[in-house]
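Heads up, data.txt below (compact mmCIF, C-alpha atoms):
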# COMPACT_ATOMS: atom_id res chain seq x y z
CA MET A 5 0.00 0.00 0.00
CA ALA A 6 1.34 3.44 -0.94
CA PHE A 7 2.47 5.86 1.72
CA LYS A 8 0.02 8.71 2.43
CA ILE A 9 1.57 12.17 2.54
CA LEU A 10 -0.22 15.37 3.54
CA LEU A 11 1.15 18.58 2.02
CA VAL A 12 0.28 21.96 3.53
CA ASN A 13 1.87 25.40 3.33
CA ASP A 14 1.39 29.00 4.43
CA ASP A 15 1.96 30.64 1.02
CA GLY A 16 -1.29 29.50 -0.59
CA PHE A 17 -2.02 27.80 -3.90
CA MET A 18 -0.39 30.39 -6.17
CA THR A 19 3.18 29.80 -5.01
CA ARG A 20 5.51 28.03 -7.43
CA GLY A 21 6.74 26.05 -4.43
CA LEU A 22 3.48 24.06 -4.28
CA PRO A 23 3.89 22.04 -7.51
CA LEU A 24 7.58 21.65 -6.72
CA MET A 25 6.78 20.02 -3.37
CA TYR A 26 3.83 18.02 -4.71
CA ASN A 27 5.74 16.51 -7.61
CA SER A 28 8.71 15.70 -5.37
CA LEU A 29 6.56 13.92 -2.80
CA LYS A 30 4.46 12.19 -5.47
CA GLU A 31 7.54 10.13 -6.31
CA VAL A 32 7.43 8.73 -2.77
CA GLY A 33 3.71 8.21 -2.08
CA ASP A 34 0.13 9.45 -2.53
CA VAL A 35 -0.18 13.16 -1.76
CA LEU A 36 -3.11 15.27 -0.57
CA ALA A 37 -2.41 19.00 -0.98
CA ILE A 38 -4.52 21.31 1.15
CA VAL A 39 -3.49 24.94 1.56
CA PRO A 40 -4.84 28.39 2.50
CA GLU A 41 -6.45 30.43 -0.27
CA ILE A 42 -4.25 33.44 0.52
CA PRO A 43 -0.75 33.66 2.01
CA LYS A 44 -0.65 33.36 5.80
CA SER A 45 3.01 34.13 6.48
CA GLY A 46 3.64 35.18 10.06
CA GLY A 47 0.35 33.69 11.21
CA GLY A 48 2.06 31.27 13.58
CA HIS A 49 -0.18 28.71 15.29
CA SER A 50 -3.46 30.50 14.54
CA LEU A 51 -6.84 28.87 13.95
CA THR A 52 -10.06 30.11 12.37
CA LEU A 53 -12.47 30.52 15.29
CA HIS A 54 -14.85 33.40 14.49
CA LYS A 55 -16.07 32.58 10.99
CA PRO A 56 -17.01 29.43 9.06
CA LEU A 57 -14.37 27.44 7.23
CA PHE A 58 -15.00 26.91 3.53
CA VAL A 59 -13.24 24.29 1.44
CA ARG A 60 -13.10 24.13 -2.34
CA SER A 61 -11.23 22.06 -4.88
CA ILE A 62 -9.26 23.56 -7.75
CA ASN A 63 -7.21 21.97 -10.48
CA MET A 64 -3.87 23.62 -11.12
CA TYR A 65 -0.42 22.37 -12.11
CA ASN A 66 -2.07 19.12 -13.32
CA PHE A 67 -3.25 18.02 -9.88
CA GLU A 68 -6.09 18.71 -7.48
CA ILE A 69 -5.61 21.15 -4.62
CA LYS A 70 -7.94 21.56 -1.65
CA VAL A 71 -8.15 25.22 -0.65
CA VAL A 72 -9.40 26.55 2.70
CA ASN A 73 -10.24 30.13 3.68
CA GLY A 74 -8.22 29.62 6.84
CA THR A 75 -4.74 29.02 8.17
CA PRO A 76 -2.12 26.30 7.71
CA VAL A 77 -3.20 24.76 11.01
CA ASP A 78 -6.80 24.75 9.74
CA ALA A 79 -5.56 22.93 6.62
CA PHE A 80 -4.08 20.14 8.73
CA HIS A 81 -7.31 19.66 10.69
CA ALA A 82 -9.44 19.84 7.54
CA ALA A 83 -7.42 16.99 6.05
CA LEU A 84 -8.07 14.82 9.10
CA LYS A 85 -11.65 15.74 9.97
CA ILE A 86 -13.24 16.76 6.67
CA PHE A 87 -11.43 14.45 4.25
CA ASN A 88 -10.71 11.68 6.76
CA TYR A 89 -7.12 11.61 5.55
CA LYS A 90 -4.73 9.95 7.96
CA PRO A 91 -1.21 10.63 6.66
CA ASP A 92 1.91 8.63 7.33
CA ILE A 93 3.81 11.92 7.34
CA VAL A 94 3.03 15.63 6.96
CA PHE A 95 5.15 18.07 4.94
CA SER A 96 4.72 21.82 5.33
CA GLY A 97 6.24 24.18 2.76
CA VAL A 98 8.30 24.92 0.89
CA ASN A 99 8.25 28.33 2.52
CA ILE A 100 9.38 31.50 0.77
CA GLY A 101 11.97 32.68 3.29
CA GLU A 102 13.99 30.97 5.97
CA ASN A 103 12.66 30.06 9.40
CA THR A 104 15.70 29.95 11.64
CA SER A 105 15.69 31.25 15.25
CA MET A 106 13.18 30.67 18.02
CA GLN A 107 11.48 33.92 16.99
CA ASN A 108 10.82 32.77 13.43
CA ILE A 109 9.83 29.28 14.56
CA LEU A 110 7.05 30.82 16.66
CA TYR A 111 5.95 33.27 13.92
CA SER A 112 6.02 30.84 11.03
CA GLY A 113 2.79 29.39 9.72
CA THR A 114 4.86 26.80 7.87
CA VAL A 115 6.61 25.53 10.97
CA GLN A 116 3.59 25.78 13.23
CA ALA A 117 1.43 23.70 10.89
CA ALA A 118 4.06 20.98 11.22
CA VAL A 119 4.17 21.47 14.99
CA GLU A 120 0.37 21.04 15.14
CA ALA A 121 0.68 17.77 13.25
CA GLY A 122 3.32 16.66 15.74
CA LEU A 123 1.07 17.55 18.66
CA PHE A 124 -1.49 15.11 17.27
CA GLY A 125 1.06 12.36 16.80
CA TYR A 126 1.83 12.68 13.10
CA PRO A 127 5.46 12.78 11.92
CA SER A 128 6.01 16.14 10.28
CA VAL A 129 8.66 18.10 8.45
CA ALA A 130 8.72 21.84 7.74
CA ILE A 131 10.74 22.93 4.70
CA SER A 132 11.83 26.56 4.34
CA ALA A 133 14.12 28.16 1.76
CA ASP A 134 16.25 31.27 2.19
CA VAL A 135 14.87 32.95 -0.94
CA GLY A 136 13.23 36.32 -1.47
CA SER A 137 10.54 35.23 -3.92
CA ASP A 138 9.05 32.03 -5.26
CA GLU A 139 10.41 32.82 -8.73
CA GLU A 140 13.66 31.32 -7.47
CA PHE A 141 11.88 27.97 -7.15
CA GLU A 142 11.82 27.87 -10.96
CA ARG A 143 15.59 28.03 -11.30
CA PRO A 144 16.56 24.54 -12.57
CA ASP A 145 19.56 24.17 -10.24
CA TYR A 146 17.66 25.39 -7.17
CA SER A 147 14.52 23.35 -7.84
CA PHE A 148 16.70 20.28 -8.39
CA MET A 149 18.24 20.79 -4.95
CA ILE A 150 14.81 21.11 -3.31
CA ARG A 151 13.46 18.00 -5.07
CA LEU A 152 16.48 15.97 -4.06
CA VAL A 153 16.33 17.00 -0.40
CA VAL A 154 12.54 16.61 -0.07
CA LYS A 155 12.49 13.14 -1.68
CA THR A 156 15.45 11.99 0.40
CA VAL A 157 13.91 13.16 3.68
CA ALA A 158 10.47 11.73 2.87
CA LYS A 159 11.85 8.32 1.86
CA TYR A 160 14.12 8.21 4.90
CA PHE A 161 11.35 8.68 7.45
CA LEU A 162 8.74 6.61 5.64
CA GLU A 163 11.14 3.68 5.33
CA ASN A 164 12.93 4.01 8.69
CA GLY A 165 10.18 5.36 10.93
CA TRP A 166 9.99 8.54 12.94
CA ILE A 167 12.41 9.58 15.67
CA GLU A 168 11.09 9.20 19.19
CA GLY A 169 11.55 12.33 21.25
CA ILE A 170 10.68 15.00 18.67
CA ASP A 171 7.40 16.22 17.22
CA THR A 172 8.62 17.88 14.07
CA LEU A 173 11.76 18.60 12.11
CA SER A 174 12.38 22.06 10.67
CA ILE A 175 14.69 22.06 7.66
CA ASN A 176 16.09 25.28 6.19
CA LEU A 177 17.67 25.37 2.75
CA PRO A 178 20.32 28.00 1.94
CA LYS A 179 20.39 30.48 -0.95
CA THR A 180 22.95 28.40 -2.81
CA PRO A 181 21.83 25.40 -4.90
CA ASN A 182 25.08 23.70 -3.87
CA PRO A 183 25.02 23.52 -0.05
CA ILE A 184 28.25 22.86 1.80
CA SER A 185 26.63 20.09 3.85
CA ALA A 186 23.68 19.31 6.11
CA ILE A 187 24.18 20.13 9.77
CA LEU A 188 22.45 19.94 13.16
CA PRO A 189 23.36 23.28 14.77
CA GLU A 190 24.03 23.00 18.48
CA LYS A 191 22.30 26.30 19.13
CA THR A 192 19.05 27.82 17.87
CA GLN A 193 19.31 31.59 17.69
CA ARG A 194 16.76 33.40 19.87
CA ILE A 195 16.04 36.65 18.00
CA ARG A 196 16.20 36.92 14.19
CA PHE A 197 14.76 40.43 13.78
CA GLN A 198 14.99 43.55 15.90
CA GLN A 199 11.63 45.12 15.10
CA ARG A 200 10.96 48.81 14.78
CA PHE A 201 8.22 50.98 13.30
CA GLU A 202 8.87 53.43 10.49
CA ARG A 203 6.69 56.53 10.67
CA ARG A 204 5.14 57.42 7.32
CA VAL A 205 2.47 59.76 5.98
CA ASP A 206 -0.15 58.76 3.42
CA PRO A 207 -1.28 61.01 0.50
CA ARG A 208 -4.04 62.47 2.68
CA GLY A 209 -1.58 63.53 5.34
CA ARG A 210 -2.49 60.78 7.81
CA GLU A 211 0.28 59.35 9.93
CA TYR A 212 0.82 55.61 9.95
CA TYR A 213 3.52 53.13 10.94
CA TRP A 214 5.11 50.27 9.02
CA LEU A 215 6.74 47.38 10.89
CA VAL A 216 10.25 46.57 9.67
CA GLY A 217 12.94 44.32 11.08
CA ASP A 218 16.71 44.51 11.15
CA ARG A 219 18.29 41.07 10.76
CA VAL A 220 20.41 39.64 13.56
CA THR A 221 22.92 36.81 13.18
CA GLU A 222 24.63 35.13 16.11
CA ASP A 223 27.80 33.08 15.63
CA LYS A 224 27.52 29.28 15.45
CA THR A 225 23.70 29.24 15.44
CA ASP A 226 21.18 27.82 12.95
CA THR A 227 20.97 31.25 11.30
CA PHE A 228 24.75 31.52 11.05
CA TYR A 229 25.13 28.14 9.36
CA LEU A 230 22.23 28.77 6.96
CA GLU A 231 23.72 32.10 5.88
CA ASN A 232 27.03 30.36 5.28
CA GLY A 233 25.61 27.81 2.87
CA TYR A 234 24.56 24.86 5.04
CA ILE A 235 21.27 22.96 5.17
CA THR A 236 20.17 23.22 8.79
CA LEU A 237 18.02 20.66 10.60
CA THR A 238 16.31 21.71 13.82
CA PRO A 239 14.42 19.03 15.77
CA LEU A 240 11.45 20.51 17.63
CA LYS A 241 9.36 19.30 20.54
CA ALA A 242 5.95 20.85 21.11
CA ASN A 243 6.20 20.48 24.89
CA MET A 244 7.19 23.99 25.98
CA SER A 245 7.93 22.97 29.55
CA CYS A 246 11.28 21.53 30.57
CA GLU A 247 10.58 18.18 32.20
CA GLY A 248 13.29 15.75 33.21
CA ASP A 249 16.32 15.80 30.93
CA CYS A 250 16.03 18.82 28.63
CA SER A 251 19.00 17.72 26.54
CA TYR A 252 18.30 16.35 23.07
CA THR A 253 21.62 14.55 22.77
CA ALA A 254 19.86 11.25 22.06
CA VAL A 255 17.71 12.88 19.35
CA VAL A 256 20.79 14.36 17.68
CA ARG A 257 22.43 10.93 17.68
CA LYS A 258 19.38 9.38 16.03
CA LEU A 259 19.35 12.06 13.34
CA GLN A 260 22.95 11.47 12.35
CA PRO A 261 22.07 8.78 9.74
CA LEU A 262 19.79 11.29 7.97
CA ILE A 263 22.53 13.94 8.09
CA ALA A 264 24.96 11.43 6.57
CA LEU A 265 22.44 10.50 3.87
CA LEU A 266 21.78 14.14 2.98
CA ASN A 267 25.48 14.87 2.79
CA ASN A 268 25.94 11.86 0.53
CA ILE A 269 23.24 12.94 -1.92
CA LEU A 270 24.48 16.55 -1.96
CA GLY A 271 27.31 15.28 -4.14
CA ARG A 272 24.74 15.03 -6.91
CA LEU A 273 24.23 18.78 -6.75
CA ARG A 274 27.88 19.34 -7.53
CA LYS A 275 27.41 17.46 -10.77
CA TYR A 276 23.93 18.88 -11.37
CA GLY A 277 22.06 17.41 -14.25
CA GLY A 278 20.78 14.13 -12.81
CA SER A 279 17.14 13.27 -12.35
Would you mind writing the structure in this file as structure tokens?
Amino acid sequence: MAFKILLVNDDGFMTRGLPLMYNSLKEVGDVLAIVPEIPKSGGGHSLTLHKPLFVRSINMYNFEIKVVNGTPVDAFHAALKIFNYKPDIVFSGVNIGENTSMQNILYSGTVQAAVEAGLFGYPSVAISADVGSDEEFERPDYSFMIRLVVKTVAKYFLENGWIEGIDTLSINLPKTPNPISAILPEKTQRIRFQQRFERRVDPRGREYYWLVGDRVTEDKTDTFYLENGYITLTPLKANMSCEGDCSYTAVVRKLQPLIALLNNILGRLRKYGGS
């Protein structure tokens, strides 16, 4: 029986990342794609509570997409409760923009949809790319790198089982289509952006403020390694309390075979042109 894979995102159905993810995962199992109708970046772990949820089906990119007028977390629950789809694994992404740091992990609709899946006992992987627009997903060398990583990760977990002790795995892909290697950073950066408001005036003379953020990079963190051309893997646990042994040394040890596998297949990127 084919593996069942649920694909969600926070960038909606118009992103070029959706067919890229779908077609990559389709080589591994049966895929249900269910996504928000409009981008929900920065929505974090939000749910639709004060209005009805509508679901419609559209055909784009030569496959069917279920679209909800809600959030990425809504999309996960709609798959389970409306379509009675019980996935073997959940993939969220590929996100336009990286999601390193504790700050971004909490803001990200991509990561939090995967975290929600983990809370309910479903293995889940969030995929984010350090790109400025989804047009970069159409670059042949970059899309090849994404396909290779996504297929490798999906096959690894579906064939070897999930890793006890984590709820989800957040993977960030660097700007370069030829990453140095995959790595498990020892430290997750706390703050990625120092926010501030820019005062502006509209054409009618009304004052308003626009939120902007100045990027912060701390040495030897997930953000540091991503900026320097590494694929970063961050194991996440939804339990926000620290009970017993807070160390994830055992989890890191169990992830080493996947790191080794990713680093092995990255050699194919250096001689790009394979399938």
Could you check which of A:Thr172, A:Asn243, A:Leu24, A:Phe201 is closest to Ser128 (chain A), using only C-alpha atoms? A:Thr172
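Every polymer residue reaching to within 7 Å of (17.6, 7.4, 5.0), counting all atoms listed in the file, appears in this list: Thr156, Val157, Lys159, Tyr160, Phe161, Asn164, Pro261, Leu262 and Leu265 of chain A.
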Considering all atoms listed in the file, state which residue in the set A:Ile38, A:Ile62, A:Val119, A:Ala130 is at the smallest distance from Ile86 (chain A).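 Among the listed residues, A:Ile38 lies closest to Ile86 (chain A).
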For a quick check of your reading of the model, name the residues lying within 9 Å of the coordinate (19.2, 29.1, 8.7), counting all atoms listed in the file, and write them as a PyMOL selection string. chain A and resi 102-105+132-134+175-178+225-237
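CA of Pro23 (chain A) to CA of Val71 (chain A) spans 14.2 Å [interatomic distance, one decimal].
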So that I can check the surroundings of Leu10 (chain A), please list as a VMD selection string every protein, DNA and RNA residue that reaches within 12 Å of it, counting all atoms listed in the file and ignoring chain neighbours fewer than 2 positions away. chain A and resid 7 to 8 12 to 13 25 to 26 29 to 30 32 to 39 69 to 70 76 79 to 84 87 to 97 117 to 118 121 126 to 130 158
